[in-house]
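Participant: The file below is coords35.cif, mmCIF, C-alpha atoms:
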data_target
#
loop_
_atom_site.label_atom_id
_atom_site.label_comp_id
_atom_site.auth_asym_id
_atom_site.auth_seq_id
_atom_site.Cartn_x
_atom_site.Cartn_y
_atom_site.Cartn_z
CA MET A 18 93.83 88.32 81.10
CA LEU A 19 92.19 91.70 81.66
CA ARG A 20 89.18 90.60 79.59
CA ILE A 21 88.51 87.52 81.72
CA ILE A 22 88.86 89.55 84.94
CA PHE A 23 86.35 92.08 83.60
CA HIS A 24 83.89 89.35 82.64
CA ILE A 25 84.25 87.53 85.98
CA LEU A 26 83.70 90.83 87.78
CA GLY A 27 80.55 91.36 85.70
CA VAL A 28 79.26 87.89 86.61
CA VAL A 29 79.94 88.40 90.31
CA LEU A 30 78.39 91.87 90.49
CA PHE A 31 75.27 91.04 88.50
CA PHE A 32 74.79 87.71 90.29
CA TYR A 33 75.12 89.37 93.69
CA GLY A 34 72.75 92.15 92.63
CA CYS A 35 70.12 89.62 91.50
CA TYR A 36 70.62 87.55 94.66
CA TYR A 37 70.31 90.59 96.94
CA ASP A 38 67.28 91.93 95.09
CA HIS A 39 65.54 88.56 95.14
CA THR A 40 66.35 87.80 98.78
CA PHE A 41 66.23 91.07 100.69
CA VAL A 42 64.18 93.59 98.71
CA LYS A 43 60.50 93.17 99.50
CA ILE A 44 57.82 94.61 97.24
CA PRO A 45 54.82 95.85 99.24
CA ASN A 46 51.48 94.26 98.40
CA THR A 47 48.98 96.61 96.83
CA SER A 48 45.99 94.48 97.74
CA SER A 49 45.40 91.85 100.38
CA THR A 50 42.79 90.02 98.30
CA VAL A 51 44.76 89.68 95.07
CA THR A 52 47.85 87.50 94.96
CA PRO A 53 50.84 89.17 93.33
CA PHE A 54 51.45 88.00 89.78
CA GLY A 55 54.98 87.39 88.61
CA GLY A 56 56.74 88.79 91.64
CA LYS A 57 59.99 90.45 90.64
CA LEU A 58 60.00 88.78 87.24
CA LYS A 59 57.45 91.32 86.01
CA TYR A 60 60.01 94.12 86.31
CA LEU A 61 62.17 94.71 83.27
CA THR A 62 65.09 95.98 85.35
CA PHE A 63 65.29 92.67 87.24
CA LEU A 64 64.99 90.66 84.01
CA ASN A 65 67.74 92.82 82.51
CA ALA A 66 70.05 92.10 85.46
CA MET A 67 69.39 88.37 85.11
CA LEU A 68 70.08 88.53 81.37
CA GLN A 69 73.32 90.45 81.95
CA THR A 70 74.38 87.75 84.44
CA VAL A 71 73.79 85.05 81.84
CA TYR A 72 75.58 87.10 79.17
CA PHE A 73 78.67 87.70 81.30
CA THR A 74 78.70 83.99 82.22
CA MET A 75 78.70 83.15 78.51
CA ALA A 76 81.51 85.68 78.00
CA VAL A 77 83.60 83.98 80.72
CA LEU A 78 82.96 80.59 79.11
CA ASN A 79 84.01 82.04 75.77
CA ASP A 80 87.18 83.45 77.32
CA ILE A 81 88.05 80.02 78.74
CA PHE A 82 86.85 77.61 76.05
CA GLY A 83 86.22 79.77 72.99
CA SER A 84 88.10 82.23 70.88
CA ASN A 85 88.21 86.03 70.71
CA GLU A 86 89.98 86.31 67.37
CA PRO A 87 88.63 89.12 65.17
CA THR A 88 88.09 86.91 62.11
CA PRO A 89 88.26 83.22 62.98
CA SER A 90 87.87 80.66 60.22
CA HIS A 91 85.39 78.73 62.36
CA LYS A 92 83.58 80.32 65.30
CA PRO A 93 83.17 78.10 68.37
CA VAL A 94 79.57 77.45 69.46
CA VAL A 95 80.12 79.35 72.71
CA ARG A 96 81.21 82.46 70.83
CA HIS A 97 78.30 82.21 68.41
CA ILE A 98 75.84 82.00 71.33
CA LYS A 99 77.57 84.88 73.15
CA ASP A 100 77.60 87.12 70.07
CA THR A 101 73.97 86.38 69.25
CA MET A 102 72.89 86.95 72.85
CA PHE A 103 74.75 90.26 72.97
CA SER A 104 73.44 91.64 69.69
CA ALA A 105 69.85 90.39 70.02
CA LEU A 106 69.14 90.64 73.75
CA ALA A 107 71.77 91.97 76.15
CA PHE A 108 72.75 95.25 74.47
CA PRO A 109 69.29 96.34 73.23
CA LEU A 110 67.60 95.52 76.54
CA ALA A 111 70.31 97.25 78.61
CA LEU A 112 70.10 100.32 76.38
CA PHE A 113 66.29 100.39 76.57
CA VAL A 114 66.16 99.93 80.35
CA GLY A 115 68.87 102.52 80.96
CA GLU A 116 67.29 105.08 78.66
CA LYS A 117 63.78 104.64 80.05
CA LEU A 118 64.99 104.70 83.65
CA ASN A 119 66.93 107.90 83.04
CA ARG A 120 63.99 109.45 81.24
CA ILE A 121 61.64 108.65 84.14
CA ILE A 122 64.03 109.76 86.88
CA TRP A 123 65.67 112.75 85.24
CA SER A 124 62.68 114.18 83.36
CA LYS A 125 61.28 115.87 86.48
CA GLU A 126 64.66 117.29 87.47
CA VAL A 127 65.44 118.56 83.98
CA GLU A 128 61.94 119.98 83.67
CA SER A 129 62.27 121.89 86.95
CA THR A 130 65.72 123.16 85.95
CA VAL A 131 64.46 124.41 82.61
CA LYS A 132 61.45 126.10 84.25
CA SER A 133 63.63 127.81 86.86
CA GLY A 134 66.04 128.92 84.14
CA LYS A 135 63.20 130.48 82.15
CA LYS A 136 61.96 132.34 85.23
CA LYS A 137 65.43 133.75 85.89
CA ALA A 138 65.84 134.83 82.26
CA LYS A 139 62.64 136.94 82.34
#
Can you dump the structure from the file as structure tokens?
Facilitator:
Amino acid sequence: MLRIIFHILGVVLFFYGCYYDHTFVKIPNTSSTVTPFGGKLKYLTFLNAMLQTVYFTMAVLNDIFGSNEPTPSHKPVVRHIKDTMFSALAFPLALFVGEKLNRIIWSKEVESTVKSGKKKAK
């Protein structure tokens, strides 16, 4: 029961995040002569959120119609799709996006902290 609640919560949160980002967040145009290409679909963070929504939806479907046994004799199709999606797309992309985002955001802060620490040590 806790598993299905967790997966439904994941679907709701990621779906609402994608909906809010698509509807209310406006990307400023960089040029008035060139039409924007791809819109929000060119951003890996938005694609990752959409993929996580699809993955959690598949996890809910697996919780309802499939099986979560550790070693089933025959895996249902829903579970096979969910497992493949997780291992090939959802986990690697989430790890990549999270790591790159943290590296971009935190690199300046860590760099300034290290520099200030070196100045204090001298």
Participant: A:Val51, A:Asn46, A:Gly56, A:Asn65: which is nearest Phe31 of chain A, counting all atoms listed in the file?
Facilitator: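 Nearest to Phe31 of chain A: A:Asn65.
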Participant: Please determine, counting only C-alpha atoms, which residue among A:Thr52, A:Thr40, A:Thr47, A:Thr62 has the shortest atom-to-atom distance to Glu116 of chain A.
Facilitator: A:Thr62
Participant: May I have the residues within 12 Å of Val71 of chain A as a list in words, using only C-alpha atoms and disregarding those fewer than 2 positions away in the same chain?
Facilitator: His24, Ile25, Gly27, Val28, Val29, Leu30, Phe31, Phe32, Cys35, Leu64, Asn65, Ala66, Met67, Leu68, Gln69, Phe73, Thr74, Met75, Ala76, Val77, Leu78, Ile98, Lys99, Met102, Phe103, Leu106 and Ala107 of chain A
Participant: Take atom CA of Glu128 of chain A and atom CA of Leu112 of chain A and report the distance between them in Å, one decimal.
Facilitator: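 Between atom CA of Glu128 of chain A and atom CA of Leu112 of chain A the gap works out to 22.5 Å.
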Participant: If I take atom CA of Ile44 of chain A and atom CA of Lys57 of chain A, how far is one from the other in Å, to one decimal?
Facilitator: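 Distance between the two atoms: 8.1 Å.
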Participant: Between atom CA of Leu110 of chain A and atom CA of Gly34 of chain A, what is the distance, to one decimal in Å?
Facilitator: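 One can read the atom CA of Leu110 of chain A to atom CA of Gly34 of chain A distance as 17.2 Å.
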